[in-house]
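Raw work_35.txt, compact mmCIF, C-alpha atoms:
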# COMPACT_ATOMS: atom_id res chain seq x y z
CA MET A 153 -7.92 13.55 -5.57
CA CYS A 154 -4.70 11.99 -4.32
CA ALA A 155 -3.34 9.71 -1.66
CA ILE A 156 0.29 9.96 -0.60
CA HIS A 157 1.73 6.79 0.84
CA GLN A 158 4.99 4.91 1.13
CA PRO A 159 5.47 1.84 -1.07
CA ASN A 160 4.28 -1.19 0.92
CA LEU A 161 4.87 -4.86 0.16
CA PHE A 162 1.50 -6.45 -0.70
CA PRO A 163 -0.19 -3.75 1.41
CA ARG A 164 -2.78 -4.13 4.12
CA LEU A 165 -6.42 -3.72 3.16
CA SER A 166 -6.62 -0.34 4.91
CA THR A 167 -3.81 1.00 2.71
CA LEU A 168 -5.14 -0.57 -0.48
CA ALA A 169 -8.60 0.86 0.22
CA LYS A 170 -7.21 4.37 0.54
CA LEU A 171 -5.23 4.11 -2.68
CA PHE A 172 -8.19 2.57 -4.51
CA ALA A 173 -10.32 5.54 -3.44
CA ALA A 174 -7.85 8.03 -4.94
CA ASP A 175 -7.42 9.07 -8.55
CA ARG A 176 -3.69 9.51 -8.03
CA TRP A 177 -1.15 7.72 -5.84
CA ILE A 178 1.94 9.71 -5.02
CA VAL A 179 4.51 7.17 -3.86
CA LEU A 180 6.35 8.64 -0.89
CA ASP A 181 9.68 7.03 -1.74
CA ASP A 182 12.21 9.57 -0.43
CA VAL A 183 11.57 9.51 3.31
CA GLN A 184 13.55 7.49 5.84
CA PHE A 185 13.22 3.72 5.64
CA ALA A 186 11.74 2.19 8.81
CA ARG A 187 12.41 -1.46 9.57
CA ARG A 188 9.30 -1.68 11.76
CA ASP A 189 7.07 -0.45 8.94
CA TYR A 190 5.69 -2.25 5.89
CA GLN A 191 7.98 -1.29 3.00
CA HIS A 192 9.82 -4.62 3.06
CA ARG A 193 7.35 -6.91 4.82
CA THR A 194 3.73 -7.94 5.16
CA ARG A 195 1.64 -10.30 7.29
CA LEU A 196 0.07 -13.26 5.51
CA ALA A 197 -3.11 -14.65 7.09
CA ALA A 198 -4.23 -18.25 6.59
CA LEU A 199 -7.35 -18.92 4.55
CA ASP A 200 -8.92 -21.27 7.08
CA ASP A 201 -8.05 -19.15 10.12
CA SER A 202 -7.16 -15.49 9.68
CA SER A 203 -5.72 -15.36 13.20
CA LYS A 204 -2.90 -17.62 11.98
CA GLN A 205 -0.39 -15.18 10.56
CA GLN A 206 3.20 -15.12 9.35
CA TRP A 207 5.53 -12.33 8.33
CA LEU A 208 6.79 -12.32 4.75
CA THR A 209 9.96 -10.22 4.89
CA LEU A 210 12.47 -9.16 2.26
CA PRO A 211 15.96 -9.06 3.85
CA THR A 212 17.08 -5.46 3.35
CA HIS A 213 20.40 -3.64 3.34
CA LEU A 214 20.50 0.05 4.27
CA PRO A 215 23.62 1.50 2.57
CA ASN A 216 23.44 4.70 4.62
CA ARG A 217 22.37 2.89 7.78
CA ARG A 218 19.51 4.52 9.67
CA PRO A 219 19.26 7.68 7.47
CA THR A 220 18.77 5.53 4.35
CA LEU A 221 15.78 6.65 2.29
CA ILE A 222 13.17 4.17 1.12
CA ASN A 223 14.30 4.44 -2.51
CA GLN A 224 17.89 3.68 -1.45
CA ALA A 225 17.16 0.43 0.44
CA LEU A 226 18.51 -2.67 -1.30
CA LEU A 227 17.49 -6.31 -1.43
CA VAL A 228 20.15 -8.45 0.25
CA GLU A 229 19.48 -11.53 -1.88
CA PRO A 230 17.02 -10.79 -4.71
CA ARG A 231 16.89 -14.37 -6.02
CA ARG A 232 16.30 -15.87 -2.59
CA SER A 233 13.67 -13.23 -1.80
CA ARG A 234 11.92 -13.97 -5.07
CA ARG A 235 11.80 -17.65 -4.23
CA THR A 236 10.48 -16.98 -0.70
CA VAL A 237 7.75 -14.67 -1.99
CA SER A 238 6.66 -17.21 -4.58
CA LEU A 239 6.63 -20.17 -2.20
CA LEU A 240 4.96 -18.50 0.78
CA ILE A 241 2.17 -16.83 -1.16
CA ARG A 242 1.43 -20.04 -3.04
CA GLN A 243 1.50 -21.95 0.27
CA TYR A 244 -1.00 -19.59 1.87
CA TYR A 245 -3.34 -18.87 -1.05
CA GLY A 246 -2.74 -21.50 -3.74
CA ARG A 247 -5.85 -23.44 -2.59
CA SER A 248 -8.15 -20.44 -3.04
CA CYS A 249 -10.66 -20.58 -5.87
CA TYR A 250 -9.48 -17.04 -6.61
CA TRP A 251 -5.86 -18.10 -6.96
CA PRO A 252 -5.71 -17.01 -10.66
CA ALA A 253 -6.26 -13.37 -9.57
CA VAL A 254 -3.66 -13.68 -6.82
CA ARG A 255 -1.23 -15.33 -9.21
CA GLU A 256 -1.73 -12.54 -11.73
CA ALA A 257 -0.50 -9.98 -9.21
CA LEU A 258 2.20 -12.30 -7.90
CA ASP A 259 3.66 -12.98 -11.36
CA VAL A 260 4.09 -9.25 -11.98
CA VAL A 261 6.06 -8.95 -8.74
CA LEU A 262 8.19 -12.02 -9.44
CA ASP A 263 9.09 -10.56 -12.84
CA ARG A 264 10.15 -7.31 -11.16
CA PHE A 265 12.78 -9.12 -9.11
CA ALA A 266 14.63 -9.89 -12.34
CA ASN A 267 15.52 -6.27 -13.07
CA THR A 268 15.85 -4.47 -9.75
CA ASP A 269 17.67 -4.76 -6.44
CA HIS A 270 15.68 -1.97 -4.78
CA VAL A 271 13.07 -2.81 -2.15
CA ALA A 272 10.89 0.16 -3.12
CA ASP A 273 10.57 -1.09 -6.69
CA VAL A 274 9.27 -4.46 -5.55
CA ALA A 275 6.94 -2.95 -2.94
CA LYS A 276 5.53 -0.38 -5.36
CA THR A 277 5.03 -3.08 -8.00
CA SER A 278 3.17 -5.32 -5.54
CA THR A 279 0.75 -2.54 -4.62
CA LEU A 280 0.13 -1.47 -8.19
CA ALA A 281 -0.36 -5.08 -9.30
CA LEU A 282 -3.11 -5.52 -6.71
CA LEU A 283 -4.77 -2.26 -7.70
CA ILE A 284 -4.76 -3.26 -11.37
CA VAL A 285 -6.28 -6.67 -10.59
CA LEU A 286 -9.10 -4.76 -8.86
CA GLY A 287 -9.65 -2.54 -11.89
CA TRP A 288 -8.03 0.67 -10.63
CA ASN A 289 -6.76 2.87 -13.45
CA GLY A 290 -5.39 5.89 -11.65
CA GLU A 291 -2.07 7.66 -12.01
CA VAL A 292 1.11 6.82 -10.08
CA LEU A 293 3.82 9.41 -9.39
CA GLU A 294 6.93 9.40 -7.19
CA SER A 295 7.58 12.07 -4.57
CA SER A 296 11.33 12.00 -5.28
CA ALA A 297 10.66 13.54 -8.69
CA ILE A 298 8.59 16.45 -7.34
CA PRO A 299 10.19 19.56 -5.77
CA THR A 300 8.62 20.58 -2.45
CA ARG A 301 9.30 22.40 0.81
CA GLN A 302 10.84 20.48 3.71
CA GLY A 303 8.22 20.74 6.48
CA ARG A 304 6.23 17.54 7.02
CA SER A 305 2.77 18.90 6.29
CA GLU A 306 4.10 21.54 3.90
CA ARG A 307 5.72 18.83 1.83
CA LEU A 308 2.57 16.75 1.58
CA ALA A 309 0.54 19.82 0.68
CA ASP A 310 3.04 20.76 -2.03
CA LEU A 311 2.97 17.25 -3.46
CA ALA A 312 -0.81 17.38 -3.68
CA ALA A 313 -0.80 20.88 -5.16
CA VAL A 314 1.95 20.44 -7.74
CA THR A 315 0.21 17.36 -9.12
CA GLY A 316 -3.08 19.19 -9.54
CA ASN A 317 -5.26 17.81 -6.76
CA THR A 318 -8.18 19.46 -5.01
CA TYR A 319 -8.61 16.79 -2.34
CA TYR A 320 -6.09 14.88 -0.22
CA LEU A 321 -7.07 11.54 1.33
CA CYS A 322 -5.44 11.21 4.73
CA GLY A 323 -5.40 8.03 6.81
CA THR A 324 -5.91 7.88 10.55
CA GLY A 325 -2.17 7.82 11.23
CA GLY A 326 -1.49 10.98 9.26
CA LEU A 327 -4.37 12.83 10.87
CA ARG A 328 -2.56 12.68 14.22
CA TYR A 329 0.16 15.06 13.07
CA LEU A 330 -1.18 16.77 9.94
CA ASP A 331 -1.37 20.55 9.86
CA HIS A 332 -4.29 21.49 7.62
CA GLN A 333 -3.14 25.07 7.06
CA PRO A 334 -0.62 24.36 4.26
CA PHE A 335 -3.34 22.46 2.40
CA ALA A 336 -5.85 25.26 2.88
CA ALA A 337 -3.29 27.72 1.51
CA HIS A 338 -3.29 25.69 -1.72
CA GLY A 339 -7.08 25.42 -1.76
CA ILE A 340 -6.89 21.68 -1.02
CA THR A 341 -9.43 19.93 1.22
CA VAL A 342 -8.15 17.20 3.54
CA LEU A 343 -10.50 14.21 3.55
CA PRO A 344 -10.05 11.84 6.51
CA PHE A 345 -10.00 8.24 5.33
CA HIS A 346 -10.85 5.36 7.62
CA THR A 347 -11.98 1.77 7.24
CA PRO A 348 -15.15 0.42 8.91
CA LEU A 349 -15.03 -0.53 12.59
CA ASP A 350 -17.76 -3.17 12.39
CA VAL A 351 -16.39 -6.04 14.48
CA GLY A 352 -19.03 -8.34 13.00
CA ASP A 353 -17.51 -8.07 9.54
CA ARG A 354 -14.99 -10.76 8.54
CA PHE A 355 -12.61 -8.49 6.66
CA TRP A 356 -12.34 -4.97 8.00
CA PRO A 357 -11.23 -5.92 11.55
CA TRP A 358 -8.03 -7.28 9.95
CA ALA A 359 -7.66 -4.36 7.54
CA ARG A 360 -4.86 -2.64 9.43
CA ARG A 361 -2.94 -5.83 10.19
CA VAL A 362 -2.76 -8.38 7.37
CA SER A 363 -1.97 -8.23 3.67
CA SER A 364 -4.89 -7.58 1.33
CA LEU A 365 -3.85 -10.81 -0.41
CA TRP A 366 -5.98 -12.55 2.22
CA ALA A 367 -9.15 -10.64 1.34
CA LEU A 368 -8.49 -11.10 -2.38
CA SER A 369 -8.12 -14.84 -1.84
CA GLU A 370 -11.27 -15.03 0.30
CA ILE A 371 -13.78 -13.11 -1.82
CA GLY A 372 -12.07 -12.55 -5.17
CA PRO A 373 -11.35 -9.42 -7.22
CA ILE A 374 -14.93 -8.54 -8.22
CA GLU A 375 -16.37 -8.62 -4.70
CA LEU A 376 -13.32 -6.93 -3.18
CA ALA A 377 -13.39 -4.16 -5.79
CA THR A 378 -17.10 -3.67 -5.07
CA ARG A 379 -16.44 -3.32 -1.34
CA LEU A 380 -13.62 -0.84 -1.93
CA ALA A 381 -15.82 1.15 -4.30
CA VAL A 382 -18.45 1.39 -1.56
CA GLN A 383 -15.81 2.78 0.77
CA ARG A 384 -14.78 5.33 -1.83
CA GLU A 385 -18.34 6.49 -2.38
CA GLY A 386 -18.93 6.71 1.35
CA HIS A 387 -15.98 9.08 1.75
CA LEU A 388 -17.02 11.21 -1.22
CA ARG A 389 -20.67 11.51 -0.27
CA GLY A 390 -21.64 15.12 0.29
CA ILE A 391 -18.52 16.49 -1.41
CA PRO A 392 -19.10 18.76 -4.43
CA ALA A 393 -18.66 16.96 -7.75
CA LEU A 394 -14.98 16.51 -8.53
CA GLY A 395 -13.76 18.30 -11.61
CA GLY A 396 -11.25 16.05 -13.36
CA ARG A 397 -8.90 14.15 -11.10

Give the structure from this file in structure tokens form.
Amino acid sequence: MCAIHQPNLFPRLSTLAKLFAADRWIVLDDVQFARRDYQHRTRLAALDDSSKQQWLTLPTHLPNRRPTLINQALLVEPRRSRRTVSLLIRQYYGRSCYWPAVREALDVVLDRFANTDHVADVAKTSTLALLIVLGWNGEVLESSAIPTRQGRSERLADLAAVTGNTYYLCGTGGLRYLDHQPFAAHGITVLPFHTPLDVGDRFWPWARRVSSLWALSEIGPIELATRLAVQREGHLRGIPALGGR
């Protein structure tokens, strides 16, 4: 079972939950970079008041201007960006009793700045670091290394098929445009993935807005992993037993 998603900088809880539920993350790194998206930025929410939020943004250069692909986007000032990431995340979450788990993921990202000037590398590393802290041990592949057809849905279906998946987890955004037929032609079932809508819950109402660093800092890796596992099981309930990945 796979999820296909662009590399996001310290992703939102809704994105992390989808990836955590999958056995395989195919990093969609060769589509057009979008400055209004989350490849190079994330919202940090304050521990004492989650409504207090601030963008953490990596200044980004697009060598091909608007048609620049995600894996072509470059960090303008890697050293300065590294310093900003370190300072802001420590400022927001350094007081948390779960800071060691946050710092574990953060240190991996800070190390990555030393040997890349590509935004996608840093974003991908930040997502994978969070997944690993939560105990995820799935496979990560890059779409740019996989030959596919060009149509939007056809391409996603080919990515899922070539990498040996029977199920494709699709978020609410993708469901608005997805054509299920190319998936059906490959014998792949599209599973809609959504996060809870319970407004009485402290975490899920912010799932599509703020970085999952906030949830990790609030409840820690064990509790957060447990909640994400519940979401995974809820989406898989009633589906025939998965054979392999």

Requested in this report: Please provide the set of residues having any atom within 7 Å of segment 298-311 of chain A, restricted to only C-alpha atoms, with same-chain residues fewer than 6 positions apart removed, written as an NGL selection string.
Outcome: :A and (330-331 or 334-335)

Requested in this report: May I ask for the distance between atom CA of Ser364 of chain A and atom CA of Val342 of chain A, given in Å to one decimal place?
Outcome: 25.1 Å

Requested in this report: Point out the residue among A:Thr277, A:Tyr319, A:Ala367, A:Asn267 with the least atom-to-atom distance to Pro344 of chain A, counting all atoms listed in the file.
Outcome: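 Using all atoms listed in the file, the shortest distance to Pro344 of chain A belongs to A:Tyr319.
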
Query raised in the report: Out of A:Leu165, A:Leu199, A:Ala266, A:Ala336, which residue has the shortest atom-to-atom distance to Gly246 of chain A when counting only C-alpha atoms?
Result: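 Of all the options, A:Leu199 lies closest to Gly246 of chain A.
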
Do you have, as CSV, the list of residues of segment 201-295 of chain A lying at most 7 Å from segment 173-197 of chain A, each with its nearest atom pair and that distance in Å to one decimal, counting all atoms listed in the file and ordered by chain then number?
residue,atom,partner,partner_atom,distance
A:Ser202,CA,A:Ala197,CA,4.9
A:Ser203,CA,A:Ala197,CA,6.7
A:Lys204,CA,A:Ala197,CA,5.7
A:Gln205,CA,A:Ala197,CA,4.4
A:Gln206,CA,A:Leu196,CA,5.3
A:Trp207,CA,A:Arg195,CA,4.5
A:Leu208,CA,A:Thr194,CA,5.4
A:Thr209,CA,A:Arg193,CA,4.2
A:Leu210,CA,A:His192,CA,5.3
A:Pro219,CA,A:Gln184,CA,5.9
A:Thr220,CA,A:Gln184,CA,5.8
A:Leu221,CA,A:Gln184,CA,4.3
A:Ile222,CA,A:Phe185,CA,4.5
A:Asn223,CA,A:Asp181,CA,5.4
A:Val271,CA,A:His192,CA,6.4
A:Ala272,CA,A:Gln191,CA,6.9
A:Ala275,CA,A:Gln191,CA,6.3
A:Gly290,CA,A:Asp175,CA,4.9
A:Glu291,CA,A:Arg176,CA,4.7
A:Val292,CA,A:Trp177,CA,4.9
A:Leu293,CA,A:Ile178,CA,4.8
A:Glu294,CA,A:Val179,CA,4.7
A:Ser295,CA,A:Leu180,CA,5.2

Query raised in the report: What does the distance from atom CA of Pro215 of chain A to atom CA of Pro163 of chain A come to in Å, to one decimal?
Result: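 These atoms are spaced 24.4 Å apart.
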
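Using all atoms listed in the file, the shortest contact distance between Tyr244 of chain A and any of A:Val228, A:Ala377, A:Ala198, A:Leu327 is found at A:Ala198.
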
Report summary line: Among A:Val285, A:Leu161, A:His338, A:His270, Tyr250 of chain A is approached most closely, using all atoms listed in the file, by A:Val285

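Counting only C-alpha atoms, the residue from A:Ile371, A:Leu258, A:Leu227, A:Leu321 that sits nearest to Ser278 of chain A is A:Leu258.
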
Report task. Dig up all the protein and nucleic acid residues within 12 Å of (-15.4, -8.3, -2.1) in the file frame, using all atoms listed in the file, and format them as a PyMOL selection string. Result -> chain A and resi 165+169+250+286+353-356+364-383

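Each of A:Ser363, A:Asn289, A:Ser296, A:Thr324 was compared to Phe172 of chain A using only C-alpha atoms, and A:Asn289 turns out to be the nearest.
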
Report task. Write out as a PyMOL selection string which residues come within 8 Å of segment 280-283 of chain A when counting all atoms listed in the file, dropping same-chain ones fewer than 4 positions away. Result -> chain A and resi 162+168+172+256-258+260-261+276+287-289

Report task. For the point (5.2, -16.9, -5.8) in the file's frame, write as a list in words all residues with an atom no more than 10 Å away, counting only C-alpha atoms. Result ->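 In the file's frame, the residues around the point are Arg234, Arg235, Thr236, Val237, Ser238, Leu239, Leu240, Ile241, Arg242, Gln243, Tyr245, Gly246, Val254, Arg255, Ala257, Leu258, Asp259, Val260, Val261 and Leu262 of chain A.
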
Query raised in the report: In Å, with one decimal, what is the gap from atom CA of Ala313 of chain A to atom CA of Thr341 of chain A?
Result: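 Distance between the two atoms: 10.8 Å.
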